[in-house]
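This is coords_27.tsv. It holds TSV, C-alpha atoms and all ligand atoms.
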```tsv
chain	number	residue	atom	x	y	z
A	1	MET	CA	170.02	125.92	-22.88
A	2	LYS	CA	173.26	127.92	-22.57
A	3	SER	CA	172.39	129.91	-25.68
A	4	MET	CA	169.04	131.13	-24.27
A	5	PRO	CA	168.25	133.93	-24.76
A	6	ASP	CA	169.88	134.80	-28.10
A	7	LYS	CA	171.74	138.08	-28.65
A	8	GLN	CA	168.52	140.02	-29.25
A	9	GLY	CA	167.03	138.67	-26.05
A	10	TYR	CA	164.70	136.10	-27.65
A	11	TYR	CA	163.72	132.72	-26.28
A	12	GLY	CA	162.43	131.22	-29.52
A	13	GLU	CA	159.68	133.62	-30.55
A	14	TYR	CA	159.31	135.22	-27.11
A	15	GLY	CA	161.13	138.11	-25.48
A	16	GLY	CA	162.90	140.93	-27.26
A	17	ARG	CA	162.79	144.58	-26.30
A	18	PHE	CA	159.78	146.69	-27.15
A	19	VAL	CA	160.42	150.00	-25.42
A	20	PRO	CA	160.48	153.71	-26.32
A	21	GLU	CA	163.65	154.78	-28.14
A	22	SER	CA	164.75	156.78	-25.08
A	23	LEU	CA	165.13	153.58	-23.01
A	24	ILE	CA	167.18	151.52	-25.46
A	25	ASN	CA	170.46	152.96	-24.21
A	26	ALA	CA	169.60	152.18	-20.61
A	27	LEU	CA	169.01	148.54	-21.57
A	28	TYR	CA	172.41	148.35	-23.29
A	29	GLU	CA	173.99	150.01	-20.27
A	30	LEU	CA	172.41	147.35	-18.04
A	31	GLU	CA	173.60	144.58	-20.33
A	32	ASP	CA	177.16	145.97	-20.08
A	33	ALA	CA	176.94	146.31	-16.31
A	34	TYR	CA	175.81	142.70	-16.03
A	35	ARG	CA	178.61	141.48	-18.30
A	36	ARG	CA	181.13	143.34	-16.11
A	37	PHE	CA	179.54	141.94	-12.96
A	38	LEU	CA	180.01	138.38	-14.23
A	39	LYS	CA	183.76	138.99	-14.57
A	40	ASP	CA	184.28	141.17	-11.49
A	41	THR	CA	185.44	138.98	-8.60
A	42	ALA	CA	185.10	141.77	-6.00
A	43	MET	CA	181.48	142.41	-6.95
A	44	ARG	CA	180.70	138.70	-7.10
A	45	SER	CA	182.12	138.10	-3.66
A	46	GLU	CA	180.19	141.09	-2.25
A	47	HIS	CA	177.04	139.54	-3.76
A	48	ALA	CA	177.88	136.12	-2.29
A	49	ARG	CA	178.50	137.70	1.12
A	50	LEU	CA	175.10	139.43	1.08
A	51	LEU	CA	173.29	136.27	0.01
A	52	ARG	CA	174.95	134.34	2.83
A	53	ASP	CA	175.10	136.74	5.78
A	54	TYR	CA	172.22	139.08	4.96
A	55	ALA	CA	169.64	137.01	3.10
A	56	GLY	CA	170.37	133.78	5.00
A	57	ARG	CA	171.43	131.48	2.16
A	58	PRO	CA	171.70	128.64	1.54
A	59	THR	CA	168.08	127.94	2.44
A	60	PRO	CA	167.46	124.31	3.47
A	61	VAL	CA	165.61	121.58	1.64
A	62	TYR	CA	163.14	120.04	4.09
A	63	HIS	CA	161.72	116.50	3.88
A	64	ALA	CA	158.08	116.87	4.96
A	65	ARG	CA	157.65	113.42	6.47
A	66	ARG	CA	154.14	113.73	7.89
A	67	LEU	CA	152.75	115.28	4.72
A	68	SER	CA	154.60	112.67	2.63
A	69	ALA	CA	153.00	109.83	4.57
A	70	LYS	CA	149.54	111.35	4.17
A	71	LEU	CA	149.92	111.90	0.43
A	72	GLY	CA	151.71	108.63	-0.39
A	73	LEU	CA	154.78	110.26	-1.95
A	74	GLU	CA	158.13	111.67	-0.86
A	75	LEU	CA	157.66	115.43	-0.59
A	76	PHE	CA	160.50	117.93	-0.19
A	77	PHE	CA	160.34	121.71	0.13
A	78	LYS	CA	162.98	124.22	-0.93
A	79	ARG	CA	162.59	126.76	1.88
A	80	GLU	CA	162.65	130.17	0.16
A	81	ASP	CA	160.14	131.25	2.82
A	82	LEU	CA	163.17	131.50	5.13
A	83	VAL	CA	164.94	134.15	3.01
A	84	HIS	CA	165.14	137.58	4.69
A	85	THR	CA	161.88	139.56	4.05
A	86	GLY	CA	159.98	136.30	3.51
A	87	SER	CA	160.31	135.26	-0.12
A	88	HIS	CA	162.72	134.54	-2.97
A	89	LYS	CA	162.37	138.15	-4.23
A	90	LEU	CA	165.44	139.36	-2.31
A	91	ASN	CA	167.75	137.03	-4.32
A	92	ASN	CA	167.08	139.26	-7.31
A	93	THR	CA	166.89	142.70	-5.67
A	94	LEU	CA	170.27	142.23	-3.95
A	95	GLY	CA	171.85	141.40	-7.31
A	96	GLN	CA	170.21	144.25	-9.20
A	97	ILE	CA	170.97	146.86	-6.53
A	98	LEU	CA	174.68	146.05	-6.99
A	99	LEU	CA	174.28	146.48	-10.76
A	100	ALA	CA	172.49	149.80	-10.18
A	101	ARG	CA	175.28	151.01	-7.94
A	102	SER	CA	177.95	149.97	-10.45
A	103	MET	CA	176.15	152.02	-13.12
A	104	GLY	CA	176.31	155.07	-10.85
A	105	LYS	CA	172.55	155.22	-10.24
A	106	ARG	CA	171.36	156.79	-7.00
A	107	ARG	CA	167.70	155.90	-7.24
A	108	VAL	CA	165.63	152.76	-7.90
A	109	ILE	CA	162.00	152.42	-8.85
A	110	ALA	CA	159.83	149.33	-8.82
A	111	GLU	CA	156.24	148.27	-9.19
A	112	THR	CA	154.61	145.68	-6.98
A	113	GLY	CA	151.36	143.73	-6.69
A	114	ALA	CA	151.23	141.93	-3.35
A	115	GLY	CA	154.08	144.10	-2.11
A	116	GLN	CA	156.73	141.38	-1.68
A	117	HIS	CA	158.88	142.76	-4.49
A	118	GLY	CA	158.31	146.30	-3.20
A	119	VAL	CA	159.52	145.25	0.26
A	120	ALA	CA	162.54	143.43	-1.18
A	121	THR	CA	163.44	146.48	-3.29
A	122	ALA	CA	162.97	148.91	-0.38
A	123	THR	CA	165.15	146.61	1.72
A	124	ALA	CA	167.98	146.51	-0.84
A	125	ALA	CA	167.71	150.31	-1.23
A	126	ALA	CA	167.96	150.84	2.54
A	127	LEU	CA	170.97	148.54	2.63
A	128	THR	CA	172.81	150.56	-0.02
A	129	GLY	CA	171.53	154.07	0.79
A	130	MET	CA	169.59	154.55	-2.45
A	131	ASP	CA	166.37	156.48	-2.94
A	132	CYS	CA	163.45	154.20	-3.66
A	133	ARG	CA	160.00	154.74	-5.11
A	134	VAL	CA	157.46	151.93	-5.46
A	135	TYR	CA	154.38	152.13	-7.67
A	136	MET	CA	151.42	150.10	-6.50
A	137	GLY	CA	147.83	149.93	-7.75
A	138	ALA	CA	145.47	151.72	-5.34
A	139	GLU	CA	143.47	148.48	-4.96
A	140	ASP	CA	146.60	146.59	-3.92
A	141	VAL	CA	147.62	149.37	-1.50
A	142	ALA	CA	144.35	148.74	0.32
A	143	ARG	CA	144.63	144.91	0.15
A	144	GLN	CA	148.25	144.69	1.27
A	145	ALA	CA	148.44	147.37	3.96
A	146	GLN	CA	151.07	145.55	6.01
A	147	ASN	CA	153.59	145.48	3.16
A	148	VAL	CA	152.89	149.17	2.45
A	149	HIS	CA	153.80	149.95	6.07
A	150	ARG	CA	156.98	147.91	5.77
A	151	MET	CA	158.08	149.74	2.60
A	152	LYS	CA	157.46	153.14	4.18
A	153	LEU	CA	159.30	152.15	7.33
A	154	LEU	CA	162.24	151.13	5.13
A	155	GLY	CA	162.29	154.66	3.70
A	156	ALA	CA	160.59	154.04	0.35
A	157	GLU	CA	158.01	156.33	-1.16
A	158	VAL	CA	154.88	154.35	-2.10
A	159	ILE	CA	152.81	155.83	-4.92
A	160	PRO	CA	149.22	154.51	-5.16
A	161	VAL	CA	148.23	154.32	-8.84
A	162	LYS	CA	144.62	155.37	-9.35
A	163	THR	CA	144.34	154.98	-13.12
A	164	GLY	CA	142.79	152.04	-15.01
A	165	GLN	CA	141.96	148.96	-12.93
A	166	ARG	CA	144.15	150.36	-10.14
A	167	THR	CA	146.19	147.12	-9.99
A	168	LEU	CA	149.63	145.86	-11.04
A	169	LYS	CA	149.34	146.48	-14.77
A	170	ASP	CA	148.56	150.16	-14.15
A	171	ALA	CA	151.47	150.41	-11.71
A	172	VAL	CA	153.72	148.98	-14.47
A	173	SER	CA	152.65	151.77	-16.87
A	174	GLU	CA	153.41	154.43	-14.24
A	175	ALA	CA	156.82	152.94	-13.45
A	176	MET	CA	157.67	152.93	-17.18
A	177	ARG	CA	156.64	156.60	-17.44
A	178	ASP	CA	158.84	157.47	-14.46
A	179	TRP	CA	161.79	155.58	-15.98
A	180	VAL	CA	161.53	157.39	-19.33
A	181	ALA	CA	161.79	160.71	-17.46
A	182	SER	CA	164.47	159.66	-14.95
A	183	VAL	CA	166.60	157.09	-16.74
A	184	ARG	CA	169.90	158.98	-16.25
A	185	ASP	CA	170.06	158.52	-12.51
A	186	THR	CA	167.44	155.77	-11.98
A	187	HIS	CA	167.41	151.98	-12.33
A	188	TYR	CA	164.07	150.26	-12.90
A	189	LEU	CA	164.35	147.21	-10.66
A	190	ILE	CA	162.11	144.62	-12.32
A	191	GLY	CA	160.99	141.87	-9.98
A	192	SER	CA	160.35	138.86	-12.20
A	193	VAL	CA	161.58	137.22	-15.41
A	194	ILE	CA	159.62	139.74	-17.46
A	195	GLY	CA	160.16	143.07	-19.19
A	196	PRO	CA	162.48	143.95	-22.07
A	197	SER	CA	165.80	142.17	-22.62
A	198	PRO	CA	168.10	141.81	-20.67
A	199	PHE	CA	165.81	141.74	-17.59
A	200	PRO	CA	164.38	138.19	-17.99
A	201	ARG	CA	167.85	136.71	-18.20
A	202	ILE	CA	169.35	138.75	-15.37
A	203	VAL	CA	166.47	137.95	-13.01
A	204	ARG	CA	166.59	134.23	-13.92
A	205	ASP	CA	170.35	134.14	-13.30
A	206	PHE	CA	169.95	135.82	-9.90
A	207	GLN	CA	167.20	133.32	-9.00
A	208	SER	CA	169.10	130.31	-10.36
A	209	ILE	CA	170.78	129.98	-6.96
A	210	ILE	CA	167.51	128.30	-5.85
A	211	GLY	CA	168.04	125.54	-8.40
A	212	ARG	CA	171.79	125.15	-7.87
A	213	GLU	CA	171.38	124.75	-4.12
A	214	ALA	CA	168.32	122.51	-4.37
A	215	ARG	CA	169.85	120.12	-6.86
A	216	SER	CA	172.92	119.41	-4.76
A	217	GLN	CA	170.89	119.31	-1.53
A	218	MET	CA	168.44	116.78	-3.00
A	219	ARG	CA	171.34	114.65	-4.21
A	220	ARG	CA	172.87	114.73	-0.77
A	221	ILE	CA	169.60	113.79	0.95
A	222	THR	CA	168.16	111.25	-1.51
A	223	GLY	CA	171.16	110.32	-3.63
A	224	ARG	CA	169.51	111.40	-6.89
A	225	ASP	CA	167.37	114.01	-8.67
A	226	PRO	CA	163.64	114.25	-7.86
A	227	ASP	CA	161.10	112.76	-10.29
A	228	THR	CA	159.08	115.96	-10.33
A	229	VAL	CA	159.91	119.60	-9.55
A	230	VAL	CA	156.99	121.98	-8.97
A	231	ALA	CA	156.90	125.78	-8.65
A	232	CYS	CA	154.15	128.40	-8.84
A	233	VAL	CA	154.24	130.84	-11.74
A	234	GLY	CA	153.31	134.52	-11.53
A	235	GLY	CA	155.77	136.38	-13.74
A	236	GLY	CA	157.80	133.18	-13.48
A	237	SER	CA	160.99	133.99	-11.54
A	238	ASN	CA	160.97	131.44	-8.71
A	239	ALA	CA	160.07	128.72	-11.24
A	240	ALA	CA	162.75	129.84	-13.72
A	241	GLY	CA	165.35	129.89	-10.95
A	242	LEU	CA	164.51	126.39	-9.72
A	243	PHE	CA	163.99	124.90	-13.20
A	244	SER	CA	167.33	126.22	-14.47
A	245	ALA	CA	169.24	123.47	-12.63
A	246	TYR	CA	167.11	120.69	-14.12
A	247	LEU	CA	166.59	121.85	-17.72
A	248	GLY	CA	167.31	119.08	-20.18
A	249	SER	CA	167.38	116.42	-17.45
A	250	LYS	CA	165.48	113.40	-18.77
A	251	SER	CA	164.68	111.96	-15.37
A	252	THR	CA	163.01	115.07	-13.89
A	253	THR	CA	159.66	116.54	-14.97
A	254	LEU	CA	159.26	120.30	-14.47
A	255	ILE	CA	155.81	121.67	-13.67
A	256	GLY	CA	154.87	125.34	-13.42
A	257	VAL	CA	151.58	126.05	-11.68
A	258	GLU	CA	149.60	129.14	-12.60
A	259	ALA	CA	146.75	130.65	-10.63
A	260	GLY	CA	143.48	129.13	-11.84
A	261	GLY	CA	141.40	131.65	-9.90
A	262	ARG	CA	137.81	130.95	-8.93
A	263	SER	CA	137.61	128.20	-11.55
A	264	LYS	CA	134.88	129.16	-14.00
A	265	ALA	CA	133.51	132.28	-12.27
A	266	PRO	CA	132.04	134.37	-15.09
A	267	GLY	CA	134.20	137.31	-16.13
A	268	ASP	CA	137.31	135.99	-14.39
A	269	HIS	CA	140.58	135.54	-16.21
A	270	SER	CA	143.64	133.59	-15.17
A	271	ALA	CA	146.44	131.26	-16.30
A	272	SER	CA	148.27	133.15	-19.08
A	273	LEU	CA	150.15	130.12	-20.39
A	274	SER	CA	147.20	127.75	-20.41
A	275	ARG	CA	144.62	130.17	-21.77
A	276	GLY	CA	146.46	133.18	-23.19
A	277	ARG	CA	148.17	133.81	-26.50
A	278	PRO	CA	151.33	135.66	-27.48
A	279	GLY	CA	151.30	139.45	-27.49
A	280	ILE	CA	153.47	142.39	-26.46
A	281	PHE	CA	153.27	143.58	-22.86
A	282	GLN	CA	155.66	145.40	-20.56
A	283	GLY	CA	158.41	145.51	-23.15
A	284	SER	CA	158.53	141.95	-24.50
A	285	ARG	CA	156.63	139.35	-26.48
A	286	ILE	CA	155.03	136.88	-24.07
A	287	TYR	CA	151.99	134.71	-23.42
A	288	LEU	CA	149.28	137.10	-22.39
A	289	LEU	CA	145.63	137.17	-21.37
A	290	GLN	CA	143.98	139.45	-23.91
A	291	THR	CA	140.76	140.08	-25.77
A	292	ASP	CA	140.43	139.44	-29.52
A	293	GLU	CA	141.21	143.14	-29.97
A	294	GLY	CA	144.45	142.83	-27.98
A	295	GLN	CA	143.19	144.52	-24.80
A	296	ILE	CA	145.02	143.13	-21.77
A	297	LEU	CA	142.63	141.26	-19.48
A	298	PRO	CA	142.91	141.73	-15.72
A	299	VAL	CA	143.67	138.54	-13.82
A	300	HIS	CA	141.92	137.29	-10.75
A	301	SER	CA	143.60	135.19	-8.11
A	302	ILE	CA	143.28	134.78	-4.35
A	303	SER	CA	147.00	135.56	-4.21
A	304	ALA	CA	147.92	139.06	-5.35
A	305	GLY	CA	151.43	137.87	-6.26
A	306	LEU	CA	150.03	135.72	-9.08
A	307	ASP	CA	147.74	138.49	-10.40
A	308	TYR	CA	149.81	139.18	-13.48
A	309	SER	CA	148.37	139.20	-16.99
A	310	GLY	CA	151.44	137.70	-18.65
A	311	VAL	CA	154.25	135.28	-17.95
A	312	GLY	CA	157.95	135.74	-18.75
A	313	PRO	CA	159.24	134.88	-22.26
A	314	GLU	CA	161.38	131.91	-21.22
A	315	HIS	CA	158.29	130.07	-19.97
A	316	GLY	CA	156.60	130.52	-23.35
A	317	TYR	CA	159.60	128.83	-24.89
A	318	LEU	CA	159.76	126.04	-22.27
A	319	LYS	CA	156.07	125.35	-22.78
A	320	ASP	CA	156.19	125.26	-26.59
A	321	SER	CA	159.31	123.07	-26.61
A	322	GLY	CA	157.95	120.67	-23.99
A	323	LEU	CA	160.90	121.24	-21.64
A	324	ALA	CA	158.44	122.16	-18.88
A	325	ARG	CA	154.72	121.61	-18.41
A	326	TYR	CA	152.21	124.08	-17.03
A	327	ALA	CA	149.07	123.49	-15.02
A	328	GLU	CA	146.57	125.47	-12.97
A	329	CYS	CA	145.51	125.43	-9.34
A	330	SER	CA	142.25	127.05	-8.24
A	331	ASP	CA	141.82	129.52	-5.36
A	332	ALA	CA	140.00	126.86	-3.35
A	333	ASP	CA	142.70	124.19	-3.85
A	334	ALA	CA	145.45	126.67	-2.97
A	335	LEU	CA	143.68	127.74	0.21
A	336	GLN	CA	143.16	124.12	1.24
A	337	ALA	CA	146.81	123.31	0.55
A	338	CYS	CA	147.85	126.29	2.68
A	339	LEU	CA	145.80	125.04	5.64
A	340	TYR	CA	146.92	121.44	5.15
A	341	LEU	CA	150.62	122.32	5.22
A	342	THR	CA	150.09	124.58	8.22
A	343	ARG	CA	148.35	121.87	10.25
A	344	THR	CA	150.52	118.95	9.16
A	345	GLU	CA	153.99	120.50	9.25
A	346	GLY	CA	153.63	123.78	11.15
A	347	ILE	CA	154.66	125.88	8.14
A	348	ILE	CA	152.34	128.69	6.98
A	349	PRO	CA	153.12	129.14	3.26
A	350	ALA	CA	152.39	132.16	1.05
A	351	LEU	CA	149.22	131.72	-0.99
A	352	GLU	CA	151.37	131.89	-4.15
A	353	SER	CA	153.46	128.90	-3.03
A	354	SER	CA	150.27	127.12	-1.93
A	355	HIS	CA	149.35	126.83	-5.62
A	356	ALA	CA	152.36	124.59	-6.22
A	357	LEU	CA	151.42	122.37	-3.28
A	358	GLY	CA	147.74	122.45	-4.30
A	359	TYR	CA	148.75	120.93	-7.65
A	360	VAL	CA	150.63	118.11	-5.90
A	361	ILE	CA	147.73	117.34	-3.57
A	362	ARG	CA	145.21	117.29	-6.44
A	363	ASN	CA	147.48	114.99	-8.49
A	364	ARG	CA	148.70	112.81	-5.62
A	365	ARG	CA	147.43	109.61	-7.25
A	366	SER	CA	149.46	110.00	-10.42
A	367	LEU	CA	152.46	111.08	-8.32
A	368	ARG	CA	152.14	108.17	-5.88
A	369	GLY	CA	155.45	106.72	-4.69
A	370	SER	CA	157.54	109.32	-6.49
A	371	THR	CA	159.90	112.00	-5.17
A	372	VAL	CA	158.58	115.54	-5.52
A	373	LEU	CA	160.39	118.81	-4.85
A	374	VAL	CA	158.15	121.86	-4.31
A	375	ASN	CA	159.48	125.39	-4.15
A	376	LEU	CA	158.11	127.10	-1.06
A	377	SER	CA	158.61	130.54	-2.57
A	378	GLY	CA	157.46	132.55	0.46
A	379	ARG	CA	155.88	132.60	3.88
A	380	GLY	CA	152.23	133.34	4.53
A	381	ASP	CA	152.34	136.17	7.07
A	382	LYS	CA	151.29	138.76	4.49
A	383	ASP	CA	148.22	136.69	3.61
A	384	MET	CA	146.68	136.37	7.07
A	385	GLY	CA	143.89	138.87	6.31
A	386	ILE	CA	142.97	137.22	2.99
A	387	ILE	CA	143.02	133.72	4.52
A	388	GLU	CA	140.79	134.82	7.41
A	389	GLU	CA	138.32	136.43	5.00
A	390	ALA	CA	138.26	133.33	2.78
A	391	LEU	CA	137.62	131.03	5.74
A	392	LYS	CA	134.59	133.08	6.81
A	393	LYS	CA	132.84	132.32	3.50
B	1	LIG	C1	156.07	137.39	-6.14
B	1	LIG	C2	155.87	136.04	-5.64
B	1	LIG	C3	155.59	134.96	-6.51
B	1	LIG	C4	155.37	135.14	-7.98
B	1	LIG	O1	156.45	135.64	-8.70
B	1	LIG	P1	157.36	134.76	-9.64
B	1	LIG	O2	158.15	135.76	-10.39
B	1	LIG	O3	156.45	133.95	-10.52
B	1	LIG	O4	158.19	133.90	-8.78
B	1	LIG	C5	155.51	133.69	-5.98
B	1	LIG	N1	155.63	133.46	-4.65
B	1	LIG	C6	155.88	134.47	-3.78
B	1	LIG	C7	156.00	134.16	-2.33
B	1	LIG	C8	156.00	135.78	-4.24
B	1	LIG	O5	156.24	136.77	-3.37
```
Transcribe the structure of this file into structure tokens.
Amino acid sequence: MKSMPDKQGYYGEYGGRFVPESLINALYELEDAYRRFLKDTAMRSEHARLLRDYAGRPTPVYHARRLSAKLGLELFFKREDLVHTGSHKLNNTLGQILLARSMGKRRVIAETGAGQHGVATATAAALTGMDCRVYMGAEDVARQAQNVHRMKLLGAEVIPVKTGQRTLKDAVSEAMRDWVASVRDTHYLIGSVIGPSPFPRIVRDFQSIIGREARSQMRRITGRDPDTVVACVGGGSNAAGLFSAYLGSKSTTLIGVEAGGRSKAPGDHSASLSRGRPGIFQGSRIYLLQTDEGQILPVHSISAGLDYSGVGPEHGYLKDSGLARYAECSDADALQACLYLTRTEGIIPALESSHALGYVIRNRRSLRGSTVLVNLSGRGDKDMGIIEEALKK
């Protein structure tokens, strides 16, 4: 796996860089900055200091004993919900903000769906004194008001995008337009393992700390690797980060769980890897939900963080090569998993993370007696409104 991606940024047939000519140089500049970062001990130790003292790493692995007993398996959670700002997103934004600073940029832009990446970007920008603008679909601005308030309080400018479906994919187009016009002084801080090369690799590397910590913590607690490792998949960054430590291990099965939406509601689309096919979106070749004519299909999920029409190129490769498996979890199963964890262990998980747990609960019979590690990618505070609404129905 060390050779992934190749020099052109491909994971097998996925990835690459499909961007306007005017952005190619910025991508090379980023590649250089990242190469320098890997060799620069001062920058690396600044990064390590921030992850430890600012973000709160290492996050613990927690043995959920009551839930384990109820499900008939040994269930462990990697607690990314305890990272500062409430999800794994900050692992990546702290790394990229240091790269941006080393390239002499004074401004960052981002796009966000549920707002978690927007908050993590605004936080990293506040920490380093950079200007920050976040593009967000007008629909999402309304759905995720609390995160919009947080971003504004942190000093970011939030731009509601009113074109198209008014959701994440339209915000991505606006962010790209901004970057083309501002690339000299601006870094586009991409929040998942998506976008043109070298973003998928950089984001995976910054999230791989989840896997490195978890693997040694699990060995310390149980004396061996887990039988199964499960993570939810939106763009795919928390899964890629956790999986990276277990790739090629014969004793551990890796399972990525996509949002299955309102299973079978007419007109709904979800689960890019299970039901999509390869196409070019947001600068790279990936599995994508699209019509026969190549129109990108909007995704529905109860969790806005999984509402993404594609999934990062590395996951396409892991799926095709059988190194990881991918499954779906419906809105209803995710909601039930969220409530179950809350009542059994006193942990309110993000609805995104609840998809990973929902998969485990649905498949508890085939997992019986085995050791399962689930990535708890974030906490559920941001989802209170959605959960309340769903429970009324
Ligand atoms: C953003 C988000 C996700 C989905 O993004 P990935 O890149 O697939 O990890 C999952 N969980 C939480 C809590 C999130 O905020």
At most 6 Å from ligand LIG 1 (chain B) (only C-alpha atoms and all ligand atoms): residue list as a PyMOL selection string: chain A and resi 87+116+192+233-238+305-306+350+352-353+377-378
At what distance in Å, to one decimal, does atom CA of Pro278 of chain A lie from atom CA of Ser354 of chain A?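 Value for the atom CA of Ser354 of chain A-atom CA of Pro278 of chain A distance: 27.0 Å.
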Best match for closeness to Glu74 of chain A among A:Leu153, A:Arg364, A:Ser274, A:Gly15, counting only C-alpha atoms: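 Among the listed residues, A:Arg364 lies closest to Glu74 of chain A.
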Give as a ChimeraX atom specification the set of residues within 12 Å of the point (169.7, 133.4, -11.4), where distances use the file's coordinates and all atoms listed in the file. /A:38,88-96,192-193,199-213,237-245
Around the point (172.9, 147.3, -8.3) in the file's coordinates, collect all residues with an atom within 10 Å, using all atoms listed in the file, and return them as an MDAnalysis selection string. chainID A and resid 30 33:34 37 43 47 92:106 108 124:125 128 130 187 189
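In this model, the gap between atom CA of Leu373 of chain A and atom CA of Phe76 of chain A comes to 4.7 Å.
Proximity ranking of A:Arg379, A:His315, A:Lys70, A:Lys392 relative to Leu82 of chain A places A:Arg379 first, based on only C-alpha atoms.
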Restrict the calculation to all atoms listed in the file, then for each residue of segment 105-171 of chain A with any atom at most 12 Å from an atom of segment 279-282 of chain A give the closest atom pair and their distance in Å to one decimal, rows by chain and rising residue number, as a tab-separated table.
```
residue	atom	partner	partner_atom	distance
A:Glu111	CA	A:Gln282	CA	11.7
A:Leu168	CA	A:Gln282	CA	11.3
A:Lys169	CA	A:Gln282	CA	8.6
A:Asp170	CA	A:Gln282	CA	10.7
A:Ala171	CA	A:Gln282	CA	11.0
```
For the atom pair atom CA of Asp381 of chain A and atom CA of Ala214 of chain A, what is the interatomic distance in Å to one decimal place?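 So the answer is 23.9 Å.
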Closest of A:Leu288, A:Ile194, A:Cys132, A:Ala334 to Gly9 of chain A - atom-to-atom distances counting all atoms listed in the file: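 Comparing A:Leu288, A:Ile194, A:Cys132, A:Ala334 against Gly9 of chain A, the winner is A:Ile194.
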Which polymer residues have any atom within 12 Å of an atom of Ile109 of chain A, counting only C-alpha atoms, with same-chain residues fewer than 4 positions away left out, as a ChimeraX atom specification? /A:93,96-97,100,105,117-122,124-125,130-136,156-159,171-172,174-183,185-191
So, counting all atoms listed in the file, which residue among A:Arg365, A:Ile286, A:Tyr359, A:Gly155 is closest to Pro313 of chain A?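 Closest to Pro313 of chain A, using all atoms listed in the file: A:Ile286.
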Counting all atoms listed in the file, figure out which residue out of A:Pro198, A:Leu71, A:Ala231, A:Lys152 gets nearest to Leu27 of chain A. A:Pro198
With all atoms listed in the file as the atoms that count, which of A:Val374, A:Cys232, A:Ile361, A:Ala390 lies nearest to Ala327 of chain A?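 That would be A:Cys232, the residue with the smallest distance to Ala327 of chain A.
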